[in-house]
Amino acid sequence: MIPVDMLPLIAVASAAFLIAGTVKGIAGIGLPTAAIALMTLFTDPRTAIALVLFPMIGSNAWQLWREGEIIRTAKRYWLFSLVLFAGVTITAFSTRDAGDRFLLVALGVVILIFVAVSWKKLVPPVPDRYDTAAQVGFGVFSGFIGGMTAAWGPPMAMYLSARGVQKDEFVRATGFMIFVGSLPLCYAYARLGFLTGPLSGVSIAMLIPAIAGFSLGEILRRRLSVEGFRNAILIVFVFLGLNLIRRAIWYG
């Protein structure tokens, strides 16, 4: 039986994951960024990050399976994923005592970076001969950001943009890398006590609105102007990011 005092949180989270799943279905990334940004309007950052863990694992596994070419994707991005895995693990445990104010600022900055990277191509092209160094460098950056905030979309998008990957390859790569990075974060949150039994149950339940939104986003990706939708979402993200920073400044 679901505790009565968790019903408001479940309602808020369901709406957040439906919206975030739709964003991910259209853009290939953005589920943790959107879901956490929306949920932190009503709850603390640690709870929001804990709730996003199982939907993040499930939606990216679903995305990867739907797009196919799993083996080829793993071979191409294994180094980035390995560095990401290690970076998330180290960062999650080393920042376990970080306060809500710090997390709010980090989330706000990450969201604004996400907007800037998505709106403009800020990273110069990376030629093939530098790909190994780029995977390591951006993997470290992604692991650092992801271990703190679970929102590693910006550095991942920067790397893939610099490599000039096409839309379908972008969706496959992000699905694989985010899935890999989600596993150590889930483990760390469980070990550190941030992902409790009741929160685990709610997080697992949030797979339903997340997958529903993802499926809706896939449909919209084929039928609507992705550019127009993307710009509208990014404008919303600007205000969400700025609001998180504002809350951190006047926190408590």
# chains A, B, ... in the order shown; residues from 1 in each chain; ligands from 1

call {"tool": "residues_around", "arguments": {"residues": "Val88 of chain A", "least_positions_apart": "4", "cutoff": "8 Å", "atoms": "only C-alpha atoms", "output": "list in words"}}
result
Leu84, Ala92, Ser142, Gly143, Phe144, Ile145, Gly146, Gly147, Met148, Gly181, Pro184 and Leu185 of chain A

call {"tool": "atom_distance", "arguments": {"atom1": "atom CA of Asp100 of chain A", "atom2": "atom CA of Gly201 of chain A"}}
result
23.1 Å

call {"tool": "atom_distance", "arguments": {"atom1": "atom CA of Val109 of chain A", "atom2": "atom CA of Leu244 of chain A"}}
result
8.6 Å

call {"tool": "residues_around", "arguments": {"residues": "Leu160 of chain A", "least_positions_apart": "3", "cutoff": "10 Å", "atoms": "only C-alpha atoms", "output": "list in words"}}
result
Val123, Pro125, Val126, Ala134, Gln135, Phe138, Pro155, Met156, Ala157, Arg163, Gly164, Val165, Gln166, Glu169, Phe170, Ala173 and Thr174 of chain A

call {"tool": "residues_around", "arguments": {"residues": "Val12 of chain A", "least_positions_apart": "4", "cutoff": "8 Å", "atoms": "only C-alpha atoms", "output": "ChimeraX atom specification"}}
result
/A:8,16,39,42

call {"tool": "atom_distance", "arguments": {"atom1": "atom CA of Ala205 of chain A", "atom2": "atom CA of Trp62 of chain A"}}
result
15.4 Å

call {"tool": "select_by_dssp", "arguments": {"residues": "segment 72-140 of chain A", "states": "alpha helix (DSSP H)", "output": "tab-separated table (two decimals) with all heavy atoms, in the first residue's frame"}}
result
chain	number	residue	atom	x	y	z
A	72	ARG	N	27.43	-2.55	-31.97
A	72	ARG	CA	28.23	-1.54	-32.66
A	72	ARG	C	28.36	-0.27	-31.83
A	72	ARG	O	29.44	0.34	-31.75
A	72	ARG	CB	27.60	-1.20	-34.01
A	72	ARG	CG	28.47	-0.28	-34.88
A	72	ARG	CD	27.75	0.13	-36.15
A	72	ARG	NE	26.64	1.03	-35.86
A	72	ARG	CZ	26.78	2.34	-35.64
A	72	ARG	NH1	27.99	2.89	-35.63
A	72	ARG	NH2	25.73	3.09	-35.40
A	73	THR	N	27.27	0.12	-31.17
A	73	THR	CA	27.29	1.31	-30.32
A	73	THR	C	28.24	1.12	-29.14
A	73	THR	O	29.01	2.03	-28.79
A	73	THR	CB	25.88	1.63	-29.81
A	73	THR	OG1	24.99	1.81	-30.94
A	73	THR	CG2	25.88	2.90	-28.97
A	74	ALA	N	28.18	-0.07	-28.52
A	74	ALA	CA	29.05	-0.36	-27.38
A	74	ALA	C	30.52	-0.34	-27.80
A	74	ALA	O	31.37	0.19	-27.07
A	74	ALA	CB	28.70	-1.71	-26.78
A	75	LYS	N	30.83	-0.87	-28.97
A	75	LYS	CA	32.21	-0.88	-29.45
A	75	LYS	C	32.71	0.53	-29.73
A	75	LYS	O	33.88	0.84	-29.49
A	75	LYS	CB	32.33	-1.73	-30.71
A	75	LYS	CG	32.21	-3.23	-30.45
A	75	LYS	CD	32.36	-4.00	-31.75
A	75	LYS	CE	32.32	-5.51	-31.52
A	75	LYS	NZ	32.44	-6.28	-32.79
A	76	ARG	N	31.84	1.38	-30.22
A	76	ARG	CA	32.26	2.72	-30.58
A	76	ARG	C	32.44	3.63	-29.35
A	76	ARG	O	33.33	4.49	-29.34
A	76	ARG	CB	31.25	3.35	-31.54
A	76	ARG	CG	31.65	4.74	-32.01
A	76	ARG	CD	30.80	5.23	-33.15
A	76	ARG	NE	31.23	6.53	-33.61
A	76	ARG	CZ	30.68	7.21	-34.62
A	76	ARG	NH1	29.68	6.66	-35.30
A	76	ARG	NH2	31.13	8.39	-34.97
A	77	TYR	N	31.61	3.43	-28.34
A	77	TYR	CA	31.61	4.36	-27.20
A	77	TYR	C	31.99	3.69	-25.88
A	77	TYR	O	31.68	4.21	-24.82
A	77	TYR	CB	30.23	5.02	-27.07
A	77	TYR	CG	29.83	5.80	-28.30
A	77	TYR	CD1	28.85	5.30	-29.17
A	77	TYR	CD2	30.43	7.01	-28.61
A	77	TYR	CE1	28.48	6.00	-30.30
A	77	TYR	CE2	30.08	7.71	-29.75
A	77	TYR	CZ	29.09	7.21	-30.59
A	77	TYR	OH	28.74	7.90	-31.72
A	78	TRP	N	32.70	2.58	-25.94
A	78	TRP	CA	33.04	1.87	-24.71
A	78	TRP	C	33.97	2.68	-23.80
A	78	TRP	O	33.83	2.66	-22.57
A	78	TRP	CB	33.69	0.52	-25.03
A	78	TRP	CG	35.09	0.62	-25.60
A	78	TRP	CD1	35.44	0.69	-26.92
A	78	TRP	CD2	36.31	0.70	-24.86
A	78	TRP	NE1	36.80	0.82	-27.05
A	78	TRP	CE2	37.37	0.82	-25.80
A	78	TRP	CE3	36.62	0.69	-23.49
A	78	TRP	CZ2	38.70	0.92	-25.41
A	78	TRP	CZ3	37.97	0.79	-23.11
A	78	TRP	CH2	38.98	0.90	-24.07
A	79	LEU	N	34.90	3.42	-24.40
A	79	LEU	CA	35.84	4.18	-23.60
A	79	LEU	C	35.14	5.31	-22.86
A	79	LEU	O	35.36	5.51	-21.65
A	79	LEU	CB	36.96	4.73	-24.48
A	79	LEU	CG	38.05	5.54	-23.76
A	79	LEU	CD1	38.71	4.71	-22.67
A	79	LEU	CD2	39.10	6.04	-24.77
A	80	PHE	N	34.32	6.07	-23.57
A	80	PHE	CA	33.54	7.14	-22.94
A	80	PHE	C	32.71	6.56	-21.80
A	80	PHE	O	32.68	7.11	-20.69
A	80	PHE	CB	32.62	7.79	-23.99
A	80	PHE	CG	31.92	9.04	-23.52
A	80	PHE	CD1	32.21	10.27	-24.10
A	80	PHE	CD2	30.97	9.01	-22.52
A	80	PHE	CE1	31.58	11.44	-23.69
A	80	PHE	CE2	30.32	10.16	-22.10
A	80	PHE	CZ	30.63	11.37	-22.68
A	81	SER	N	32.05	5.43	-22.05
A	81	SER	CA	31.16	4.83	-21.06
A	81	SER	C	31.93	4.33	-19.84
A	81	SER	O	31.46	4.45	-18.71
A	81	SER	CB	30.37	3.68	-21.70
A	81	SER	OG	29.62	4.15	-22.80
A	82	LEU	N	33.11	3.76	-20.06
A	82	LEU	CA	33.93	3.28	-18.96
A	82	LEU	C	34.38	4.43	-18.06
A	82	LEU	O	34.29	4.35	-16.82
A	82	LEU	CB	35.15	2.53	-19.50
A	82	LEU	CG	36.12	1.96	-18.45
A	82	LEU	CD1	35.43	0.90	-17.61
A	82	LEU	CD2	37.35	1.37	-19.15
A	83	VAL	N	34.85	5.51	-18.69
A	83	VAL	CA	35.27	6.69	-17.92
A	83	VAL	C	34.07	7.30	-17.19
A	83	VAL	O	34.17	7.71	-16.02
A	83	VAL	CB	35.93	7.72	-18.85
A	83	VAL	CG1	36.26	9.00	-18.08
A	83	VAL	CG2	37.20	7.14	-19.48
A	84	LEU	N	32.94	7.35	-17.88
A	84	LEU	CA	31.71	7.87	-17.27
A	84	LEU	C	31.32	7.05	-16.05
A	84	LEU	O	30.99	7.59	-14.99
A	84	LEU	CB	30.59	7.86	-18.30
A	84	LEU	CG	29.18	8.20	-17.79
A	84	LEU	CD1	29.11	9.64	-17.32
A	84	LEU	CD2	28.15	7.96	-18.91
A	85	PHE	N	31.35	5.72	-16.18
A	85	PHE	CA	31.00	4.82	-15.09
A	85	PHE	C	31.87	5.10	-13.86
A	85	PHE	O	31.37	5.23	-12.74
A	85	PHE	CB	31.18	3.36	-15.56
A	85	PHE	CG	30.67	2.33	-14.60
A	85	PHE	CD1	29.43	1.74	-14.78
A	85	PHE	CD2	31.44	1.91	-13.52
A	85	PHE	CE1	28.96	0.77	-13.91
A	85	PHE	CE2	30.99	0.95	-12.63
A	85	PHE	CZ	29.74	0.38	-12.83
A	86	ALA	N	33.17	5.18	-14.08
A	86	ALA	CA	34.10	5.43	-12.98
A	86	ALA	C	33.89	6.82	-12.38
A	86	ALA	O	33.89	6.99	-11.15
A	86	ALA	CB	35.54	5.28	-13.45
A	87	GLY	N	33.70	7.81	-13.24
A	87	GLY	CA	33.53	9.18	-12.77
A	87	GLY	C	32.27	9.36	-11.95
A	87	GLY	O	32.28	10.05	-10.91
A	88	VAL	N	31.17	8.76	-12.38
A	88	VAL	CA	29.91	8.85	-11.63
A	88	VAL	C	30.08	8.20	-10.26
A	88	VAL	O	29.65	8.75	-9.24
A	88	VAL	CB	28.77	8.16	-12.41
A	88	VAL	CG1	27.55	7.97	-11.51
A	88	VAL	CG2	28.38	8.99	-13.63
A	89	THR	N	30.70	7.04	-10.22
A	89	THR	CA	30.89	6.33	-8.96
A	89	THR	C	31.70	7.16	-7.96
A	89	THR	O	31.29	7.35	-6.80
A	89	THR	CB	31.61	4.99	-9.20
A	89	THR	OG1	30.87	4.22	-10.14
A	89	THR	CG2	31.73	4.21	-7.90
A	90	ILE	N	32.84	7.67	-8.42
A	90	ILE	CA	33.72	8.45	-7.53
A	90	ILE	C	33.03	9.73	-7.06
A	90	ILE	O	33.04	10.08	-5.87
A	90	ILE	CB	35.04	8.78	-8.24
A	90	ILE	CG1	35.82	7.49	-8.52
A	90	ILE	CG2	35.87	9.75	-7.42
A	90	ILE	CD1	37.02	7.67	-9.43
A	91	THR	N	32.40	10.44	-7.99
A	91	THR	CA	31.77	11.72	-7.66
A	91	THR	C	30.58	11.53	-6.73
A	91	THR	O	30.40	12.32	-5.78
A	91	THR	CB	31.33	12.45	-8.93
A	91	THR	OG1	32.44	12.62	-9.80
A	91	THR	CG2	30.74	13.81	-8.60
A	92	ALA	N	29.75	10.53	-6.98
A	92	ALA	CA	28.56	10.31	-6.15
A	92	ALA	C	28.95	10.07	-4.69
A	92	ALA	O	28.32	10.63	-3.77
A	92	ALA	CB	27.76	9.13	-6.68
A	93	PHE	N	29.98	9.27	-4.46
A	93	PHE	CA	30.39	8.98	-3.09
A	93	PHE	C	31.14	10.16	-2.46
A	93	PHE	O	30.99	10.44	-1.27
A	93	PHE	CB	31.25	7.72	-3.04
A	93	PHE	CG	30.45	6.45	-3.10
A	93	PHE	CD1	30.37	5.72	-4.28
A	93	PHE	CD2	29.78	5.98	-1.98
A	93	PHE	CE1	29.62	4.55	-4.34
A	93	PHE	CE2	29.04	4.81	-2.02
A	93	PHE	CZ	28.96	4.09	-3.20
A	94	SER	N	31.93	10.86	-3.25
A	94	SER	CA	32.73	11.96	-2.70
A	94	SER	C	31.91	13.21	-2.41
A	94	SER	O	32.34	14.08	-1.64
A	94	SER	CB	33.89	12.29	-3.64
A	94	SER	OG	33.41	12.74	-4.89
A	100	ASP	N	21.81	20.94	0.01
A	100	ASP	CA	20.81	21.25	-1.00
A	100	ASP	C	21.15	22.53	-1.77
A	100	ASP	O	20.91	22.62	-2.98
A	100	ASP	CB	19.43	21.40	-0.35
A	100	ASP	CG	18.84	20.06	0.07
A	100	ASP	OD1	19.40	19.02	-0.31
A	100	ASP	OD2	17.81	20.06	0.78
A	101	ARG	N	21.70	23.51	-1.09
A	101	ARG	CA	22.05	24.77	-1.76
A	101	ARG	C	23.06	24.52	-2.88
A	101	ARG	O	22.92	25.01	-3.99
A	101	ARG	CB	22.62	25.77	-0.75
A	101	ARG	CG	22.87	27.16	-1.33
A	101	ARG	CD	23.70	27.99	-0.36
A	101	ARG	NE	23.01	28.20	0.89
A	101	ARG	CZ	22.23	29.26	1.15
A	101	ARG	NH1	22.05	30.18	0.23
A	101	ARG	NH2	21.65	29.39	2.32
A	102	PHE	N	24.08	23.72	-2.57
A	102	PHE	CA	25.10	23.40	-3.57
A	102	PHE	C	24.49	22.64	-4.74
A	102	PHE	O	24.79	22.92	-5.91
A	102	PHE	CB	26.21	22.56	-2.92
A	102	PHE	CG	27.26	22.07	-3.89
A	102	PHE	CD1	28.27	22.90	-4.32
A	102	PHE	CD2	27.20	20.77	-4.39
A	102	PHE	CE1	29.22	22.45	-5.22
A	102	PHE	CE2	28.15	20.31	-5.28
A	102	PHE	CZ	29.17	21.15	-5.70
A	103	LEU	N	23.63	21.67	-4.45
A	103	LEU	CA	23.01	20.87	-5.51
A	103	LEU	C	22.09	21.72	-6.38
A	103	LEU	O	22.02	21.52	-7.60
A	103	LEU	CB	22.24	19.69	-4.91
A	103	LEU	CG	23.10	18.61	-4.26
A	103	LEU	CD1	22.21	17.56	-3.59
A	103	LEU	CD2	24.01	17.95	-5.29
A	104	LEU	N	21.37	22.65	-5.77
A	104	LEU	CA	20.49	23.52	-6.55
A	104	LEU	C	21.30	24.37	-7.53
A	104	LEU	O	20.92	24.52	-8.70
A	104	LEU	CB	19.68	24.42	-5.62
A	104	LEU	CG	18.54	23.75	-4.84
A	104	LEU	CD1	17.98	24.71	-3.80
A	104	LEU	CD2	17.43	23.30	-5.79
A	105	VAL	N	22.42	24.92	-7.05
A	105	VAL	CA	23.28	25.71	-7.94
A	105	VAL	C	23.84	24.84	-9.06
A	105	VAL	O	23.83	25.23	-10.24
A	105	VAL	CB	24.44	26.36	-7.15
A	105	VAL	CG1	25.47	26.95	-8.10
A	105	VAL	CG2	23.91	27.43	-6.23
A	106	ALA	N	24.33	23.64	-8.69
A	106	ALA	CA	24.90	22.74	-9.70
A	106	ALA	C	23.86	22.37	-10.75
A	106	ALA	O	24.14	22.38	-11.96
A	106	ALA	CB	25.44	21.49	-9.02
A	107	LEU	N	22.66	22.06	-10.30
A	107	LEU	CA	21.59	21.71	-11.25
A	107	LEU	C	21.25	22.90	-12.14
A	107	LEU	O	21.07	22.74	-13.36
A	107	LEU	CB	20.34	21.27	-10.47
A	107	LEU	CG	20.35	19.86	-9.90
A	107	LEU	CD1	19.23	19.68	-8.88
A	107	LEU	CD2	20.19	18.84	-11.02
A	108	GLY	N	21.15	24.09	-11.55
A	108	GLY	CA	20.84	25.28	-12.35
A	108	GLY	C	21.89	25.55	-13.41
A	108	GLY	O	21.55	25.84	-14.58
A	109	VAL	N	23.16	25.44	-13.03
A	109	VAL	CA	24.25	25.68	-13.98
A	109	VAL	C	24.24	24.62	-15.08
A	109	VAL	O	24.41	24.94	-16.27
A	109	VAL	CB	25.61	25.69	-13.25
A	109	VAL	CG1	26.76	25.70	-14.25
A	109	VAL	CG2	25.70	26.90	-12.33
A	110	VAL	N	24.03	23.36	-14.70
A	110	VAL	CA	23.99	22.28	-15.70
A	110	VAL	C	22.86	22.51	-16.70
A	110	VAL	O	23.03	22.32	-17.91
A	110	VAL	CB	23.82	20.91	-15.00
A	110	VAL	CG1	23.45	19.84	-16.01
A	110	VAL	CG2	25.11	20.52	-14.30
A	111	ILE	N	21.71	22.94	-16.22
A	111	ILE	CA	20.57	23.18	-17.12
A	111	ILE	C	20.87	24.32	-18.08
A	111	ILE	O	20.56	24.24	-19.28
A	111	ILE	CB	19.30	23.46	-16.30
A	111	ILE	CG1	18.83	22.18	-15.62
A	111	ILE	CG2	18.19	24.02	-17.19
A	111	ILE	CD1	17.71	22.38	-14.63
A	112	LEU	N	21.51	25.38	-17.59
A	112	LEU	CA	21.85	26.50	-18.47
A	112	LEU	C	22.92	26.10	-19.49
A	112	LEU	O	22.87	26.55	-20.65
A	112	LEU	CB	22.33	27.69	-17.63
A	112	LEU	CG	21.26	28.33	-16.74
A	112	LEU	CD1	21.86	29.48	-15.93
A	112	LEU	CD2	20.07	28.82	-17.55
A	113	ILE	N	23.87	25.25	-19.08
A	113	ILE	CA	24.84	24.72	-20.04
A	113	ILE	C	24.14	23.87	-21.08
A	113	ILE	O	24.43	23.95	-22.29
A	113	ILE	CB	25.93	23.89	-19.31
A	113	ILE	CG1	26.77	24.78	-18.41
A	113	ILE	CG2	26.83	23.18	-20.32
A	113	ILE	CD1	27.76	24.03	-17.55
A	114	PHE	N	23.19	23.06	-20.63
A	114	PHE	CA	22.39	22.23	-21.54
A	114	PHE	C	21.70	23.09	-22.60
A	114	PHE	O	21.70	22.76	-23.79
A	114	PHE	CB	21.37	21.44	-20.73
A	114	PHE	CG	20.40	20.63	-21.56
A	114	PHE	CD1	20.76	19.39	-22.06
A	114	PHE	CD2	19.13	21.11	-21.84
A	114	PHE	CE1	19.87	18.64	-22.82
A	114	PHE	CE2	18.24	20.38	-22.60
A	114	PHE	CZ	18.61	19.14	-23.10
A	115	VAL	N	21.12	24.20	-22.16
A	115	VAL	CA	20.44	25.11	-23.09
A	115	VAL	C	21.43	25.70	-24.09
A	115	VAL	O	21.19	25.71	-25.30
A	115	VAL	CB	19.72	26.23	-22.32
A	115	VAL	CG1	19.19	27.29	-23.29
A	115	VAL	CG2	18.58	25.66	-21.50
A	116	ALA	N	22.56	26.19	-23.57
A	116	ALA	CA	23.56	26.82	-24.44
A	116	ALA	C	24.09	25.84	-25.48
A	116	ALA	O	24.22	26.17	-26.66
A	116	ALA	CB	24.71	27.38	-23.60
A	117	VAL	N	24.39	24.62	-25.04
A	117	VAL	CA	24.93	23.61	-25.96
A	117	VAL	C	23.89	23.20	-26.99
A	117	VAL	O	24.20	23.00	-28.16
A	117	VAL	CB	25.43	22.38	-25.16
A	117	VAL	CG1	25.79	21.24	-26.10
A	117	VAL	CG2	26.63	22.76	-24.33
A	118	SER	N	22.64	23.08	-26.55
A	118	SER	CA	21.58	22.65	-27.46
A	118	SER	C	21.22	23.73	-28.47
A	118	SER	O	20.84	23.43	-29.61
A	118	SER	CB	20.33	22.26	-26.66
A	118	SER	OG	20.62	21.20	-25.77
A	119	TRP	N	21.35	24.98	-28.05
A	119	TRP	CA	20.95	26.07	-28.92
A	119	TRP	C	22.02	26.43	-29.95
A	119	TRP	O	21.73	26.69	-31.11
A	119	TRP	CB	20.62	27.31	-28.09
A	119	TRP	CG	19.32	27.94	-28.48
A	119	TRP	CD1	18.87	28.16	-29.74
A	119	TRP	CD2	18.31	28.40	-27.60
A	119	TRP	NE1	17.62	28.73	-29.70
A	119	TRP	CE2	17.25	28.90	-28.40
A	119	TRP	CE3	18.18	28.46	-26.22
A	119	TRP	CZ2	16.09	29.44	-27.85
A	119	TRP	CZ3	17.02	29.00	-25.68
A	119	TRP	CH2	15.99	29.48	-26.48
A	131	ASP	N	39.76	11.47	-31.21
A	131	ASP	CA	38.54	10.93	-30.61
A	131	ASP	C	38.81	10.27	-29.26
A	131	ASP	O	38.01	10.40	-28.33
A	131	ASP	CB	37.87	9.93	-31.56
A	131	ASP	CG	36.55	9.42	-31.00
A	131	ASP	OD1	35.68	10.25	-30.70
A	131	ASP	OD2	36.40	8.18	-30.87
A	132	THR	N	39.91	9.54	-29.14
A	132	THR	CA	40.22	8.88	-27.86
A	132	THR	C	40.35	9.90	-26.74
A	132	THR	O	39.77	9.74	-25.66
A	132	THR	CB	41.51	8.06	-27.98
A	132	THR	OG1	41.33	7.03	-28.95
A	132	THR	CG2	41.86	7.43	-26.63
A	133	ALA	N	41.10	10.96	-26.99
A	133	ALA	CA	41.27	12.00	-25.97
A	133	ALA	C	39.94	12.68	-25.67
A	133	ALA	O	39.64	13.00	-24.50
A	133	ALA	CB	42.29	13.03	-26.46
A	134	ALA	N	39.12	12.88	-26.71
A	134	ALA	CA	37.82	13.53	-26.50
A	134	ALA	C	36.90	12.65	-25.66
A	134	ALA	O	36.19	13.15	-24.77
A	134	ALA	CB	37.17	13.84	-27.84
A	135	GLN	N	36.89	11.34	-25.92
A	135	GLN	CA	36.05	10.45	-25.14
A	135	GLN	C	36.46	10.46	-23.67
A	135	GLN	O	35.61	10.46	-22.77
A	135	GLN	CB	36.11	9.02	-25.69
A	135	GLN	CG	35.38	8.86	-27.02
A	135	GLN	CD	34.98	7.42	-27.28
A	135	GLN	OE1	34.59	6.69	-26.38
A	135	GLN	NE2	35.03	7.02	-28.55
A	136	VAL	N	37.76	10.46	-23.41
A	136	VAL	CA	38.24	10.49	-22.03
A	136	VAL	C	37.87	11.83	-21.37
A	136	VAL	O	37.33	11.87	-20.25
A	136	VAL	CB	39.75	10.26	-21.97
A	136	VAL	CG1	40.28	10.49	-20.54
A	136	VAL	CG2	40.09	8.84	-22.43
A	137	GLY	N	38.16	12.92	-22.05
A	137	GLY	CA	37.91	14.24	-21.47
A	137	GLY	C	36.44	14.50	-21.19
A	137	GLY	O	36.06	14.89	-20.08
A	138	PHE	N	35.61	14.27	-22.20
A	138	PHE	CA	34.18	14.49	-22.00
A	138	PHE	C	33.57	13.44	-21.09
A	138	PHE	O	32.58	13.71	-20.39
A	138	PHE	CB	33.45	14.51	-23.35
A	138	PHE	CG	33.62	15.80	-24.11
A	138	PHE	CD1	34.45	15.87	-25.22
A	138	PHE	CD2	32.96	16.94	-23.71
A	138	PHE	CE1	34.61	17.05	-25.92
A	138	PHE	CE2	33.12	18.13	-24.40
A	138	PHE	CZ	33.95	18.19	-25.52
A	139	GLY	N	34.15	12.24	-21.06
A	139	GLY	CA	33.69	11.22	-20.14
A	139	GLY	C	33.92	11.62	-18.69
A	139	GLY	O	33.06	11.41	-17.82
A	140	VAL	N	35.09	12.19	-18.41
A	140	VAL	CA	35.39	12.69	-17.06
A	140	VAL	C	34.42	13.80	-16.68
A	140	VAL	O	33.87	13.82	-15.57
A	140	VAL	CB	36.85	13.19	-16.99
A	140	VAL	CG1	37.09	13.94	-15.67
A	140	VAL	CG2	37.82	12.03	-17.11

call {"tool": "closest_residue", "arguments": {"among": "A:Ala27, A:Ala15, A:Val171, A:Ala48", "to": "Asn231 of chain A", "atoms": "only C-alpha atoms"}}
result
A:Ala27

call {"tool": "decode", "arguments": {"residues": "segment 24-39 of chain A", "atoms": "N, CA, C and O atoms", "output": "PDB file, in the first residue's frame"}}
result
ATOM      1  N   LYS A  24      12.473  13.517 -23.994  1.00  0.00           N
ATOM      2  CA  LYS A  24      13.482  12.527 -24.359  1.00  0.00           C
ATOM      3  C   LYS A  24      13.100  11.803 -25.647  1.00  0.00           C
ATOM      4  O   LYS A  24      13.959  11.523 -26.488  1.00  0.00           O
ATOM      5  N   GLY A  25      11.834  11.492 -25.817  1.00  0.00           N
ATOM      6  CA  GLY A  25      11.401  10.816 -27.034  1.00  0.00           C
ATOM      7  C   GLY A  25      11.638  11.642 -28.277  1.00  0.00           C
ATOM      8  O   GLY A  25      11.913  11.106 -29.354  1.00  0.00           O
ATOM      9  N   ILE A  26      11.576  12.958 -28.139  1.00  0.00           N
ATOM     10  CA  ILE A  26      11.807  13.846 -29.282  1.00  0.00           C
ATOM     11  C   ILE A  26      13.298  14.101 -29.488  1.00  0.00           C
ATOM     12  O   ILE A  26      13.812  14.011 -30.605  1.00  0.00           O
ATOM     13  N   ALA A  27      13.998  14.410 -28.405  1.00  0.00           N
ATOM     14  CA  ALA A  27      15.385  14.874 -28.523  1.00  0.00           C
ATOM     15  C   ALA A  27      16.435  13.802 -28.279  1.00  0.00           C
ATOM     16  O   ALA A  27      17.589  13.981 -28.639  1.00  0.00           O
ATOM     17  N   GLY A  28      16.062  12.669 -27.645  1.00  0.00           N
ATOM     18  CA  GLY A  28      17.023  11.622 -27.341  1.00  0.00           C
ATOM     19  C   GLY A  28      17.689  11.791 -25.984  1.00  0.00           C
ATOM     20  O   GLY A  28      18.217  10.842 -25.423  1.00  0.00           O
ATOM     21  N   ILE A  29      17.670  12.991 -25.428  1.00  0.00           N
ATOM     22  CA  ILE A  29      18.197  13.264 -24.095  1.00  0.00           C
ATOM     23  C   ILE A  29      17.229  14.199 -23.385  1.00  0.00           C
ATOM     24  O   ILE A  29      16.253  14.659 -23.978  1.00  0.00           O
ATOM     25  N   GLY A  30      17.508  14.472 -22.113  1.00  0.00           N
ATOM     26  CA  GLY A  30      16.730  15.479 -21.405  1.00  0.00           C
ATOM     27  C   GLY A  30      15.810  14.943 -20.331  1.00  0.00           C
ATOM     28  O   GLY A  30      15.223  15.725 -19.590  1.00  0.00           O
ATOM     29  N   LEU A  31      15.661  13.598 -20.209  1.00  0.00           N
ATOM     30  CA  LEU A  31      14.746  13.076 -19.199  1.00  0.00           C
ATOM     31  C   LEU A  31      15.181  13.460 -17.787  1.00  0.00           C
ATOM     32  O   LEU A  31      14.391  14.047 -17.044  1.00  0.00           O
ATOM     33  N   PRO A  32      16.405  13.160 -17.356  1.00  0.00           N
ATOM     34  CA  PRO A  32      16.774  13.560 -15.998  1.00  0.00           C
ATOM     35  C   PRO A  32      16.794  15.069 -15.818  1.00  0.00           C
ATOM     36  O   PRO A  32      16.352  15.579 -14.783  1.00  0.00           O
ATOM     37  N   THR A  33      17.276  15.785 -16.827  1.00  0.00           N
ATOM     38  CA  THR A  33      17.347  17.244 -16.723  1.00  0.00           C
ATOM     39  C   THR A  33      15.968  17.844 -16.515  1.00  0.00           C
ATOM     40  O   THR A  33      15.752  18.660 -15.617  1.00  0.00           O
ATOM     41  N   ALA A  34      15.011  17.430 -17.350  1.00  0.00           N
ATOM     42  CA  ALA A  34      13.652  17.973 -17.252  1.00  0.00           C
ATOM     43  C   ALA A  34      12.945  17.497 -15.994  1.00  0.00           C
ATOM     44  O   ALA A  34      12.319  18.293 -15.283  1.00  0.00           O
ATOM     45  N   ALA A  35      13.026  16.201 -15.701  1.00  0.00           N
ATOM     46  CA  ALA A  35      12.307  15.655 -14.544  1.00  0.00           C
ATOM     47  C   ALA A  35      12.813  16.251 -13.241  1.00  0.00           C
ATOM     48  O   ALA A  35      12.021  16.648 -12.371  1.00  0.00           O
ATOM     49  N   ILE A  36      14.134  16.324 -13.081  1.00  0.00           N
ATOM     50  CA  ILE A  36      14.695  16.859 -11.841  1.00  0.00           C
ATOM     51  C   ILE A  36      14.371  18.349 -11.709  1.00  0.00           C
ATOM     52  O   ILE A  36      14.011  18.821 -10.628  1.00  0.00           O
ATOM     53  N   ALA A  37      14.500  19.085 -12.805  1.00  0.00           N
ATOM     54  CA  ALA A  37      14.201  20.522 -12.760  1.00  0.00           C
ATOM     55  C   ALA A  37      12.758  20.766 -12.337  1.00  0.00           C
ATOM     56  O   ALA A  37      12.477  21.662 -11.527  1.00  0.00           O
ATOM     57  N   LEU A  38      11.836  19.966 -12.862  1.00  0.00           N
ATOM     58  CA  LEU A  38      10.423  20.135 -12.515  1.00  0.00           C
ATOM     59  C   LEU A  38      10.142  19.689 -11.084  1.00  0.00           C
ATOM     60  O   LEU A  38       9.424  20.365 -10.336  1.00  0.00           O
ATOM     61  N   MET A  39      10.713  18.566 -10.681  1.00  0.00           N
ATOM     62  CA  MET A  39      10.421  18.048  -9.330  1.00  0.00           C
ATOM     63  C   MET A  39      11.029  18.901  -8.238  1.00  0.00           C
ATOM     64  O   MET A  39      10.485  18.980  -7.132  1.00  0.00           O
TER      65      MET A  39
END
